[in-house]
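J.: Contents are PDB, C-alpha atoms (C1' of nucleotides); file name my_file_27.pdb:
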ATOM      1  CA  MET V   2      69.180  16.655 -20.907  1.00  0.00           C
ATOM      2  CA  ARG V   3      69.679  16.547 -17.186  1.00  0.00           C
ATOM      3  CA  ASN V   4      66.629  16.469 -14.965  1.00  0.00           C
ATOM      4  CA  LYS V   5      67.153  18.071 -11.608  1.00  0.00           C
ATOM      5  CA  LYS V   6      64.615  17.630  -8.857  1.00  0.00           C
ATOM      6  CA  LEU V   7      63.821  20.973  -7.289  1.00  0.00           C
ATOM      7  CA  THR V   8      65.076  21.224  -3.714  1.00  0.00           C
ATOM      8  CA  ARG V   9      64.013  23.193  -0.674  1.00  0.00           C
ATOM      9  CA  SER V  10      66.089  26.239  -1.564  1.00  0.00           C
ATOM     10  CA  PHE V  11      64.057  26.745  -4.734  1.00  0.00           C
ATOM     11  CA  TYR V  12      60.792  27.082  -2.839  1.00  0.00           C
ATOM     12  CA  VAL V  13      62.013  29.090   0.141  1.00  0.00           C
ATOM     13  CA  ARG V  14      62.140  32.355  -1.766  1.00  0.00           C
ATOM     14  CA  PRO V  15      59.735  35.239  -2.348  1.00  0.00           C
ATOM     15  CA  THR V  16      56.468  33.903  -3.742  1.00  0.00           C
ATOM     16  CA  LEU V  17      56.414  36.098  -6.828  1.00  0.00           C
ATOM     17  CA  ILE V  18      59.871  34.889  -7.820  1.00  0.00           C
ATOM     18  CA  VAL V  19      58.937  31.240  -7.321  1.00  0.00           C
ATOM     19  CA  ALA V  20      55.662  31.727  -9.227  1.00  0.00           C
ATOM     20  CA  LYS V  21      57.571  33.037 -12.245  1.00  0.00           C
ATOM     21  CA  GLU V  22      60.342  30.469 -12.071  1.00  0.00           C
ATOM     22  CA  LEU V  23      57.904  27.582 -11.839  1.00  0.00           C
ATOM     23  CA  LEU V  24      56.970  28.316 -15.435  1.00  0.00           C
ATOM     24  CA  GLY V  25      58.698  25.841 -17.711  1.00  0.00           C
ATOM     25  CA  LYS V  26      59.384  23.422 -14.852  1.00  0.00           C
ATOM     26  CA  TYR V  27      58.021  19.885 -15.029  1.00  0.00           C
ATOM     27  CA  ILE V  28      55.673  18.233 -12.613  1.00  0.00           C
ATOM     28  CA  VAL V  29      56.147  14.482 -12.303  1.00  0.00           C
ATOM     29  CA  ARG V  30      53.437  12.241 -10.878  1.00  0.00           C
ATOM     30  CA  LYS V  31      54.218   8.585 -10.381  1.00  0.00           C
ATOM     31  CA  ILE V  32      51.332   6.124 -10.179  1.00  0.00           C
ATOM     32  CA  GLY V  33      52.603   2.573  -9.804  1.00  0.00           C
ATOM     33  CA  ARG V  34      54.966   2.117 -12.699  1.00  0.00           C
ATOM     34  CA  GLU V  35      53.242   4.795 -14.760  1.00  0.00           C
ATOM     35  CA  LYS V  36      54.651   8.310 -14.887  1.00  0.00           C
ATOM     36  CA  LEU V  37      52.607  11.377 -15.770  1.00  0.00           C
ATOM     37  CA  VAL V  38      54.589  14.446 -16.725  1.00  0.00           C
ATOM     38  CA  GLY V  39      53.469  17.967 -17.584  1.00  0.00           C
ATOM     39  CA  LYS V  40      55.142  21.317 -18.077  1.00  0.00           C
ATOM     40  CA  ILE V  41      53.887  24.141 -15.913  1.00  0.00           C
ATOM     41  CA  ILE V  42      52.628  26.952 -18.127  1.00  0.00           C
ATOM     42  CA  GLU V  43      50.425  28.956 -15.787  1.00  0.00           C
ATOM     43  CA  THR V  44      50.692  29.932 -12.102  1.00  0.00           C
ATOM     44  CA  GLU V  45      49.163  32.370  -9.650  1.00  0.00           C
ATOM     45  CA  ALA V  46      50.682  33.836  -6.498  1.00  0.00           C
ATOM     46  CA  TYR V  47      48.821  34.168  -3.205  1.00  0.00           C
ATOM     47  CA  ILE V  48      50.530  36.178  -0.525  1.00  0.00           C
ATOM     48  CA  GLY V  49      48.698  36.117   2.786  1.00  0.00           C
ATOM     49  CA  PRO V  50      47.986  37.510   5.305  1.00  0.00           C
ATOM     50  CA  GLN V  51      47.860  40.883   3.586  1.00  0.00           C
ATOM     51  CA  ASP V  52      46.396  39.387   0.406  1.00  0.00           C
ATOM     52  CA  LYS V  53      42.638  39.633   0.636  1.00  0.00           C
ATOM     53  CA  ALA V  54      42.226  36.894  -1.976  1.00  0.00           C
ATOM     54  CA  SER V  55      44.281  34.459   0.077  1.00  0.00           C
ATOM     55  CA  HIS V  56      42.688  31.891   2.346  1.00  0.00           C
ATOM     56  CA  ALA V  57      45.161  33.036   4.976  1.00  0.00           C
ATOM     57  CA  TYR V  58      43.987  36.650   4.865  1.00  0.00           C
ATOM     58  CA  GLU V  59      44.584  38.341   8.223  1.00  0.00           C
ATOM     59  CA  GLY V  60      46.550  35.350   9.419  1.00  0.00           C
ATOM     60  CA  LYS V  61      43.521  33.124   9.672  1.00  0.00           C
ATOM     61  CA  VAL V  62      44.287  29.474  10.416  1.00  0.00           C
ATOM     62  CA  THR V  63      41.743  26.709   9.915  1.00  0.00           C
ATOM     63  CA  PRO V  64      42.159  22.960   9.475  1.00  0.00           C
ATOM     64  CA  ARG V  65      41.598  23.605   5.794  1.00  0.00           C
ATOM     65  CA  ASN V  66      44.349  26.132   5.173  1.00  0.00           C
ATOM     66  CA  ARG V  67      46.969  25.172   7.717  1.00  0.00           C
ATOM     67  CA  ALA V  68      49.166  23.612   5.030  1.00  0.00           C
ATOM     68  CA  GLU V  69      49.613  27.081   3.575  1.00  0.00           C
ATOM     69  CA  TYR V  70      51.807  27.943   6.555  1.00  0.00           C
ATOM     70  CA  LEU V  71      54.324  25.175   5.926  1.00  0.00           C
ATOM     71  CA  ILE V  72      57.832  25.880   4.692  1.00  0.00           C
ATOM     72  CA  GLY V  73      58.151  26.121   0.913  1.00  0.00           C
ATOM     73  CA  GLY V  74      57.889  22.911  -1.086  1.00  0.00           C
ATOM     74  CA  HIS V  75      54.745  21.414   0.414  1.00  0.00           C
ATOM     75  CA  ILE V  76      51.388  20.784  -1.238  1.00  0.00           C
ATOM     76  CA  TYR V  77      48.345  22.741  -0.152  1.00  0.00           C
ATOM     77  CA  ILE V  78      45.377  21.138  -1.829  1.00  0.00           C
ATOM     78  CA  TYR V  79      41.694  21.849  -1.276  1.00  0.00           C
ATOM     79  CA  LEU V  80      38.311  21.565  -2.891  1.00  0.00           C
ATOM     80  CA  VAL V  81      36.343  24.387  -4.541  1.00  0.00           C
ATOM     81  CA  TYR V  82      32.783  24.347  -5.786  1.00  0.00           C
ATOM     82  CA  GLY V  83      32.427  20.988  -4.082  1.00  0.00           C
ATOM     83  CA  MET V  84      34.077  19.286  -7.019  1.00  0.00           C
ATOM     84  CA  TYR V  85      37.379  20.751  -8.158  1.00  0.00           C
ATOM     85  CA  TRP V  86      40.736  20.283  -6.462  1.00  0.00           C
ATOM     86  CA  GLN V  87      43.205  23.132  -6.465  1.00  0.00           C
ATOM     87  CA  LEU V  88      46.895  22.301  -6.410  1.00  0.00           C
ATOM     88  CA  ASN V  89      49.020  24.840  -4.585  1.00  0.00           C
ATOM     89  CA  ILE V  90      52.688  24.761  -3.693  1.00  0.00           C
ATOM     90  CA  THR V  91      53.779  26.532  -0.540  1.00  0.00           C
ATOM     91  CA  THR V  92      56.598  29.030  -0.718  1.00  0.00           C
ATOM     92  CA  GLY V  93      58.672  31.024   1.733  1.00  0.00           C
ATOM     93  CA  LYS V  94      59.533  30.153   5.305  1.00  0.00           C
ATOM     94  CA  GLU V  95      57.615  28.158   7.882  1.00  0.00           C
ATOM     95  CA  GLY V  96      54.796  30.288   9.282  1.00  0.00           C
ATOM     96  CA  LYS V  97      54.445  32.434   6.150  1.00  0.00           C
ATOM     97  CA  PRO V  98      51.096  31.704   4.502  1.00  0.00           C
ATOM     98  CA  GLU V  99      52.244  32.095   0.926  1.00  0.00           C
ATOM     99  CA  CYS V 100      51.701  29.770  -1.980  1.00  0.00           C
ATOM    100  CA  VAL V 101      51.521  29.394  -5.732  1.00  0.00           C
ATOM    101  CA  LEU V 102      48.457  27.968  -7.447  1.00  0.00           C
ATOM    102  CA  ILE V 103      49.280  25.746 -10.407  1.00  0.00           C
ATOM    103  CA  ARG V 104      46.693  26.613 -13.046  1.00  0.00           C
ATOM    104  CA  ALA V 105      47.696  24.803 -16.219  1.00  0.00           C
ATOM    105  CA  LEU V 106      50.061  22.183 -17.610  1.00  0.00           C
ATOM    106  CA  GLU V 107      51.266  21.454 -21.081  1.00  0.00           C
ATOM    107  CA  LEU V 108      51.282  17.730 -21.773  1.00  0.00           C
ATOM    108  CA  PRO V 109      53.416  15.690 -24.162  1.00  0.00           C
ATOM    109  CA  GLN V 110      52.042  15.684 -27.697  1.00  0.00           C
ATOM    110  CA  THR V 111      51.039  12.046 -27.368  1.00  0.00           C
ATOM    111  CA  LYS V 112      48.254  13.066 -24.989  1.00  0.00           C
ATOM    112  CA  PRO V 113      44.926  14.638 -25.929  1.00  0.00           C
ATOM    113  CA  LYS V 114      45.014  18.414 -25.703  1.00  0.00           C
ATOM    114  CA  ASN V 115      43.348  20.446 -22.961  1.00  0.00           C
ATOM    115  CA  LEU V 116      43.462  17.510 -20.554  1.00  0.00           C
ATOM    116  CA  ALA V 117      45.222  19.669 -17.974  1.00  0.00           C
ATOM    117  CA  SER V 118      44.307  23.135 -19.192  1.00  0.00           C
ATOM    118  CA  GLY V 119      42.793  24.366 -15.948  1.00  0.00           C
ATOM    119  CA  PRO V 120      43.426  24.083 -12.203  1.00  0.00           C
ATOM    120  CA  GLY V 121      40.591  21.623 -11.681  1.00  0.00           C
ATOM    121  CA  LYS V 122      41.382  19.600 -14.755  1.00  0.00           C
ATOM    122  CA  LEU V 123      45.062  19.156 -14.059  1.00  0.00           C
ATOM    123  CA  CYS V 124      44.286  17.716 -10.638  1.00  0.00           C
ATOM    124  CA  ARG V 125      41.827  15.297 -12.183  1.00  0.00           C
ATOM    125  CA  TYR V 126      44.445  14.312 -14.734  1.00  0.00           C
ATOM    126  CA  LEU V 127      47.190  13.823 -12.152  1.00  0.00           C
ATOM    127  CA  LYS V 128      44.752  12.012  -9.824  1.00  0.00           C
ATOM    128  CA  LEU V 129      45.432  14.398  -6.977  1.00  0.00           C
ATOM    129  CA  ASN V 130      43.191  14.575  -3.940  1.00  0.00           C
ATOM    130  CA  LYS V 131      43.186  15.178  -0.218  1.00  0.00           C
ATOM    131  CA  SER V 132      45.704  12.406   0.366  1.00  0.00           C
ATOM    132  CA  PHE V 133      48.335  14.785  -1.014  1.00  0.00           C
ATOM    133  CA  TYR V 134      47.571  17.368   1.638  1.00  0.00           C
ATOM    134  CA  GLU V 135      50.880  18.547   3.147  1.00  0.00           C
ATOM    135  CA  GLU V 136      52.892  16.238   0.878  1.00  0.00           C
ATOM    136  CA  ASP V 137      56.545  17.305   0.780  1.00  0.00           C
ATOM    137  CA  LEU V 138      57.591  17.809  -2.840  1.00  0.00           C
ATOM    138  CA  THR V 139      61.259  17.494  -1.967  1.00  0.00           C
ATOM    139  CA  ARG V 140      60.818  14.040  -0.395  1.00  0.00           C
ATOM    140  CA  SER V 141      57.738  12.475  -1.963  1.00  0.00           C
ATOM    141  CA  LYS V 142      58.105   9.357  -4.075  1.00  0.00           C
ATOM    142  CA  ARG V 143      54.843   9.962  -5.957  1.00  0.00           C
ATOM    143  CA  ILE V 144      55.017  13.622  -6.931  1.00  0.00           C
ATOM    144  CA  TRP V 145      57.819  16.120  -7.403  1.00  0.00           C
ATOM    145  CA  LEU V 146      59.041  18.892  -9.682  1.00  0.00           C
ATOM    146  CA  GLU V 147      61.948  18.783 -12.093  1.00  0.00           C
ATOM    147  CA  ASP V 148      64.104  21.390 -13.740  1.00  0.00           C
ATOM    148  CA  ARG V 149      64.877  20.176 -17.241  1.00  0.00           C
ATOM    149  CA  GLU V 150      67.033  23.191 -17.864  1.00  0.00           C
ATOM    150  CA  GLU V 151      64.767  24.719 -20.425  1.00  0.00           C
ATOM    151  CA  LYS V 152      65.660  28.330 -20.825  1.00  0.00           C
ATOM    152  CA  ILE V 153      62.746  30.667 -20.234  1.00  0.00           C
ATOM    153  CA  ARG V 154      63.299  34.238 -21.355  1.00  0.00           C
ATOM    154  CA  PRO V 155      61.581  37.004 -19.363  1.00  0.00           C
ATOM    155  CA  SER V 156      59.928  38.090 -22.607  1.00  0.00           C
ATOM    156  CA  GLN V 157      58.046  34.778 -22.690  1.00  0.00           C
ATOM    157  CA  ILE V 158      56.321  35.464 -19.393  1.00  0.00           C
ATOM    158  CA  VAL V 159      53.016  37.313 -19.392  1.00  0.00           C
ATOM    159  CA  ALA V 160      51.573  38.754 -16.181  1.00  0.00           C
ATOM    160  CA  THR V 161      47.827  39.272 -15.883  1.00  0.00           C
ATOM    161  CA  LYS V 162      45.293  39.691 -13.114  1.00  0.00           C
ATOM    162  CA  ARG V 163      44.242  36.690 -11.124  1.00  0.00           C
ATOM    163  CA  ILE V 164      41.092  34.770 -11.890  1.00  0.00           C
ATOM    164  CA  GLY V 165      37.887  34.395  -9.948  1.00  0.00           C
ATOM    165  CA  ILE V 166      38.739  36.612  -6.998  1.00  0.00           C
ATOM    166  CA  ASP V 167      36.694  39.701  -7.715  1.00  0.00           C
ATOM    167  CA  TYR V 168      35.240  39.350  -4.249  1.00  0.00           C
ATOM    168  CA  ALA V 169      38.598  40.517  -2.901  1.00  0.00           C
ATOM    169  CA  GLY V 170      37.953  44.027  -4.207  1.00  0.00           C
ATOM    170  CA  PRO V 171      39.619  45.987  -6.995  1.00  0.00           C
ATOM    171  CA  TYR V 172      42.977  46.465  -5.295  1.00  0.00           C
ATOM    172  CA  TRP V 173      43.744  42.787  -4.850  1.00  0.00           C
ATOM    173  CA  SER V 174      41.923  41.490  -7.895  1.00  0.00           C
ATOM    174  CA  ARG V 175      43.960  43.832 -10.086  1.00  0.00           C
ATOM    175  CA  ARG V 176      47.370  42.659  -8.864  1.00  0.00           C
ATOM    176  CA  LYS V 177      49.065  41.056 -11.827  1.00  0.00           C
ATOM    177  CA  TRP V 178      50.073  37.928  -9.986  1.00  0.00           C
ATOM    178  CA  ARG V 179      49.024  35.405 -12.579  1.00  0.00           C
ATOM    179  CA  PHE V 180      51.861  34.288 -14.816  1.00  0.00           C
ATOM    180  CA  LEU V 181      51.571  32.541 -18.155  1.00  0.00           C
ATOM    181  CA  LEU V 182      54.142  31.128 -20.493  1.00  0.00           C
ATOM    182  CA  LYS V 183      53.643  32.336 -24.039  1.00  0.00           C
ATOM    183  CA  LYS V 184      53.309  29.624 -26.643  1.00  0.00           C
ATOM    184  CA  MET V 185      56.678  28.786 -28.113  1.00  0.00           C
ATOM    185  CA  ILE V 186      56.902  29.128 -31.839  1.00  0.00           C
ATOM    186  CA  LYS V 187      58.314  25.911 -33.149  1.00  0.00           C
TER
ATOM    187  C1'  DG B  23      22.930  19.789  12.588  1.00  0.00           C
ATOM    188  C1'  DT B  24      22.889  23.145   8.842  1.00  0.00           C
ATOM    189  C1'  DA B  25      23.919  27.151   5.963  1.00  0.00           C
ATOM    190  C1'  DC B  26      26.962  28.463   2.586  1.00  0.00           C
ATOM    191  C1'  DA B  27      31.146  29.565   0.170  1.00  0.00           C
ATOM    192  C1'  DG B  28      33.584  29.034  -3.875  1.00  0.00           C
ATOM    193  C1'  DA B  29      41.415  30.334  -6.482  1.00  0.00           C
ATOM    194  C1'  DT B  30      35.822  26.387 -11.914  1.00  0.00           C
ATOM    195  C1'  DT B  31      34.081  24.629 -15.980  1.00  0.00           C
ATOM    196  C1'  DG B  32      31.719  24.215 -20.155  1.00  0.00           C
ATOM    197  C1'  DA B  33      28.157  25.757 -22.871  1.00  0.00           C
ATOM    198  C1'  DG B  34      26.208  29.796 -25.440  1.00  0.00           C
TER
ATOM    199  C1'  DT Y  18      29.249  36.162 -20.453  1.00  0.00           C
ATOM    200  C1'  DC Y  19      26.821  33.137 -17.086  1.00  0.00           C
ATOM    201  C1'  DA Y  20      24.853  29.693 -14.265  1.00  0.00           C
ATOM    202  C1'  DA Y  21      25.057  24.719 -12.721  1.00  0.00           C
ATOM    203  C1'  DT Y  22      27.104  22.162  -9.404  1.00  0.00           C
ATOM    204  C1'  DC Y  23      28.258  19.751  -4.362  1.00  0.00           C
ATOM    205  C1'  DT Y  24      31.287  18.813  -0.413  1.00  0.00           C
ATOM    206  C1'  DG Y  25      34.091  20.514   3.340  1.00  0.00           C
ATOM    207  C1'  DT Y  26      34.158  24.186   6.434  1.00  0.00           C
ATOM    208  C1'  DA Y  27      32.600  26.944  10.052  1.00  0.00           C
ATOM    209  C1'  DC Y  28      29.148  28.310  12.231  1.00  0.00           C
ATOM    210  C1'  DT Y  29      24.902  27.480  15.785  1.00  0.00           C
TER
END
Can the structure in the file be given as structure tokens, please?
T.:
Amino acid sequence: MRNKKLTRSFYVRPTLIVAKELLGKYIVRKIGREKLVGKIIETEAYIGPQDKASHAYEGKVTPRNRAEYLIGGHIYIYLVYGMYWQLNITTGKEGKPECVLIRALELPQTKPKNLASGPGKLCRYLKLNKSFYEEDLTRSKRIWLEDREEKIRPSQIVATKRIGIDYAGPYWSRRKWRFLLKKMIK
DNA sequence: GTACAGATTGAG
DNA sequence: TCAATCTGTACT
């Protein structure tokens, strides 16, 4: 199997497309000589400034969210609830505040289950923190994404409403911009 | 200096 | 379903 590192052209596309195509891709985190790998099985799209659930709603820029405006392929990471990191990958062109939240990973069978089964947990597992703010996934030596050429059929992708954003009102909270990969039957 | 949000989690 | 939990952010 050939492992291809995802390049800039993958990320610089419409956010909803990238969010769907990230499913089944592998995230690789290198810590010293150890390598942590997980398959992306759940994502969520945030499309500011029109998206009320986005931190960049109405084109707002703060020191916290400025990474969201970077060209696709960068990491936008921030803290929620004072304790959980959220890993986002920017998409689209420079100046477009769009990104994809990585919500869950599937780990190799050698690892305990549910170790990365939520946005906060996967960051804890991958040891991600503020030092990854604005990290470039196409250049970084410690974290990147790989295409292992696993075929994902459209029928395997489930779209549901996004989580935890009811404050954004019914219109935005009902957008089906959360994408999950159905469990493969082995 | 201080109020407060908050894209969660885990227990029930 | 629901509340505990705490630090960075964005105000005064």
J.: To test your reading of the syntax: which residues would the PyMOL selection byres ((chain B) within 8 of (chain V)) return for the file shown? Reply as number ranges by chain.
T.: B: 28-30
J.: Kindly resolve the PyMOL selection byres ((chain Y) within 8 of (chain V)) on the present coordinates and return the residues as an MDAnalysis selection string.
T.: chainID Y and resid 22:26
J.: For atom CA of V:Lys97 and atom CA of V:Arg176, quote the distance in Å rounded to one decimal.
T.: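 Here the two named atoms are 19.5 Å from each other.
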J.: Would you kindly translate the PyMOL selection byres ((chain B and resi 26) around 10) into the concrete residues it picks from this file, as a PyMOL selection string?
T.: (chain B and resi 24-25+27-28) or (chain Y and resi 26-28)
J.: Which value, in Å to one decimal, gives the distance between atom CA of V:Tyr134 and atom CA of V:Ala68?
T.: 7.3 Å
J.: Please report the interatomic distance between atom CA of V:Lys184 and atom CA of V:Val101 in Å with one decimal.
T.: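 Straight-line distance from atom CA of V:Lys184 to atom CA of V:Val101 works out to 21.0 Å.
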J.: Can you tell me which residues surround B:DA33 at a distance of at most 12 Å, considering only C-alpha atoms (C1' of nucleotides), apart from same-chain residues fewer than 4 positions away, and format the answer as a PyMOL selection string?
T.: chain Y and resi 18-21
J.: Take stretch 9-103 of chain V from the preceding structure and save C-alpha atoms as a JSON list (two decimals), in the first residue's frame.
T.:
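Saved as selection.json:
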[["chain", "number", "residue", "atom", "x", "y", "z"],
["V", 9, "ARG", "CA", -1.89, 21.80, -0.38],
["V", 10, "SER", "CA", -4.23, 21.14, -3.30],
["V", 11, "PHE", "CA", -6.23, 18.69, -1.20],
["V", 12, "TYR", "CA", -7.06, 21.30, 1.43],
["V", 13, "VAL", "CA", -7.64, 24.29, -0.84],
["V", 14, "ARG", "CA", -11.08, 23.15, -1.91],
["V", 15, "PRO", "CA", -14.63, 23.76, -0.69],
["V", 16, "THR", "CA", -14.87, 22.88, 3.00],
["V", 17, "LEU", "CA", -17.74, 20.43, 2.65],
["V", 18, "ILE", "CA", -15.81, 18.45, 0.05],
["V", 19, "VAL", "CA", -12.67, 18.35, 2.19],
["V", 20, "ALA", "CA", -14.71, 17.38, 5.28],
["V", 21, "LYS", "CA", -16.12, 14.37, 3.44],
["V", 22, "GLU", "CA", -12.86, 13.36, 1.82],
["V", 23, "LEU", "CA", -10.97, 13.51, 5.10],
["V", 24, "LEU", "CA", -12.95, 10.46, 6.17],
["V", 25, "GLY", "CA", -10.79, 7.37, 5.80],
["V", 26, "LYS", "CA", -7.58, 9.41, 5.69],
["V", 27, "TYR", "CA", -4.87, 8.79, 8.27],
["V", 28, "ILE", "CA", -3.46, 11.26, 10.72],
["V", 29, "VAL", "CA", 0.17, 10.64, 11.63],
["V", 30, "ARG", "CA", 1.72, 12.13, 14.76],
["V", 31, "LYS", "CA", 5.41, 11.64, 15.33],
["V", 32, "ILE", "CA", 6.76, 11.95, 18.87],
["V", 33, "GLY", "CA", 10.49, 11.26, 18.96],
["V", 34, "ARG", "CA", 10.85, 7.88, 17.35],
["V", 35, "GLU", "CA", 7.29, 6.88, 18.22],
["V", 36, "LYS", "CA", 4.54, 7.20, 15.64],
["V", 37, "LEU", "CA", 0.86, 7.48, 16.50],
["V", 38, "VAL", "CA", -1.55, 6.79, 13.67],
["V", 39, "GLY", "CA", -5.33, 6.98, 13.51],
["V", 40, "LYS", "CA", -7.96, 6.85, 10.80],
["V", 41, "ILE", "CA", -10.30, 9.80, 10.61],
["V", 42, "ILE", "CA", -13.87, 8.58, 11.03],
["V", 43, "GLU", "CA", -15.74, 11.73, 12.00],
["V", 44, "THR", "CA", -15.50, 15.38, 10.89],
["V", 45, "GLU", "CA", -17.51, 18.58, 11.07],
["V", 46, "ALA", "CA", -17.46, 21.55, 8.71],
["V", 47, "TYR", "CA", -17.43, 25.17, 9.85],
["V", 48, "ILE", "CA", -17.94, 27.77, 7.18],
["V", 49, "GLY", "CA", -17.55, 31.31, 8.44],
["V", 50, "PRO", "CA", -18.33, 34.16, 8.24],
["V", 51, "GLN", "CA", -21.90, 33.28, 7.34],
["V", 52, "ASP", "CA", -21.92, 30.27, 9.67],
["V", 53, "LYS", "CA", -23.29, 31.39, 13.00],
["V", 54, "ALA", "CA", -21.68, 28.41, 14.74],
["V", 55, "SER", "CA", -18.24, 29.38, 13.48],
["V", 56, "HIS", "CA", -15.80, 31.34, 15.59],
["V", 57, "ALA", "CA", -15.29, 33.53, 12.54],
["V", 58, "TYR", "CA", -18.97, 34.46, 12.30],
["V", 59, "GLU", "CA", -19.36, 37.88, 10.67],
["V", 60, "GLY", "CA", -15.69, 37.93, 9.81],
["V", 61, "LYS", "CA", -14.58, 38.38, 13.39],
["V", 62, "VAL", "CA", -10.83, 38.13, 13.93],
["V", 63, "THR", "CA", -9.29, 37.63, 17.36],
["V", 64, "PRO", "CA", -5.90, 36.31, 18.43],
["V", 65, "ARG", "CA", -7.69, 33.08, 19.20],
["V", 66, "ASN", "CA", -9.26, 32.41, 15.82],
["V", 67, "ARG", "CA", -6.83, 34.03, 13.42],
["V", 68, "ALA", "CA", -5.47, 30.65, 12.34],
["V", 69, "GLU", "CA", -8.87, 29.91, 10.84],
["V", 70, "TYR", "CA", -8.10, 32.44, 8.11],
["V", 71, "LEU", "CA", -4.96, 30.68, 6.90],
["V", 72, "ILE", "CA", -4.81, 28.87, 3.58],
["V", 73, "GLY", "CA", -5.99, 25.25, 3.71],
["V", 74, "GLY", "CA", -3.73, 22.72, 5.40],
["V", 75, "HIS", "CA", -2.98, 24.54, 8.65],
["V", 76, "ILE", "CA", -3.96, 23.59, 12.19],
["V", 77, "TYR", "CA", -6.40, 25.72, 14.11],
["V", 78, "ILE", "CA", -6.38, 24.45, 17.66],
["V", 79, "TYR", "CA", -8.06, 25.96, 20.71],
["V", 80, "LEU", "CA", -9.35, 25.13, 24.14],
["V", 81, "VAL", "CA", -13.00, 24.61, 25.13],
["V", 82, "TYR", "CA", -14.47, 24.22, 28.58],
["V", 83, "GLY", "CA", -11.07, 25.20, 29.92],
["V", 84, "MET", "CA", -9.82, 21.67, 29.43],
["V", 85, "TYR", "CA", -10.40, 20.16, 26.00],
["V", 86, "TRP", "CA", -8.41, 20.91, 22.86],
["V", 87, "GLN", "CA", -10.19, 20.97, 19.54],
["V", 88, "LEU", "CA", -8.23, 20.01, 16.45],
["V", 89, "ASN", "CA", -9.33, 21.81, 13.31],
["V", 90, "ILE", "CA", -7.82, 21.82, 9.85],
["V", 91, "THR", "CA", -8.18, 24.95, 7.77],
["V", 92, "THR", "CA", -9.58, 24.68, 4.27],
["V", 93, "GLY", "CA", -10.02, 26.97, 1.30],
["V", 94, "LYS", "CA", -7.95, 29.98, 0.35],
["V", 95, "GLU", "CA", -6.04, 32.44, 2.51],
["V", 96, "GLY", "CA", -8.49, 34.86, 4.13],
["V", 97, "LYS", "CA", -11.42, 32.42, 4.07],
["V", 98, "PRO", "CA", -12.31, 31.45, 7.64],
["V", 99, "GLU", "CA", -13.29, 27.88, 6.92],
["V", 100, "CYS", "CA", -12.18, 24.74, 8.67],
["V", 101, "VAL", "CA", -12.96, 21.14, 9.48],
["V", 102, "LEU", "CA", -13.14, 19.89, 13.05],
["V", 103, "ILE", "CA", -11.70, 16.41, 13.52]]
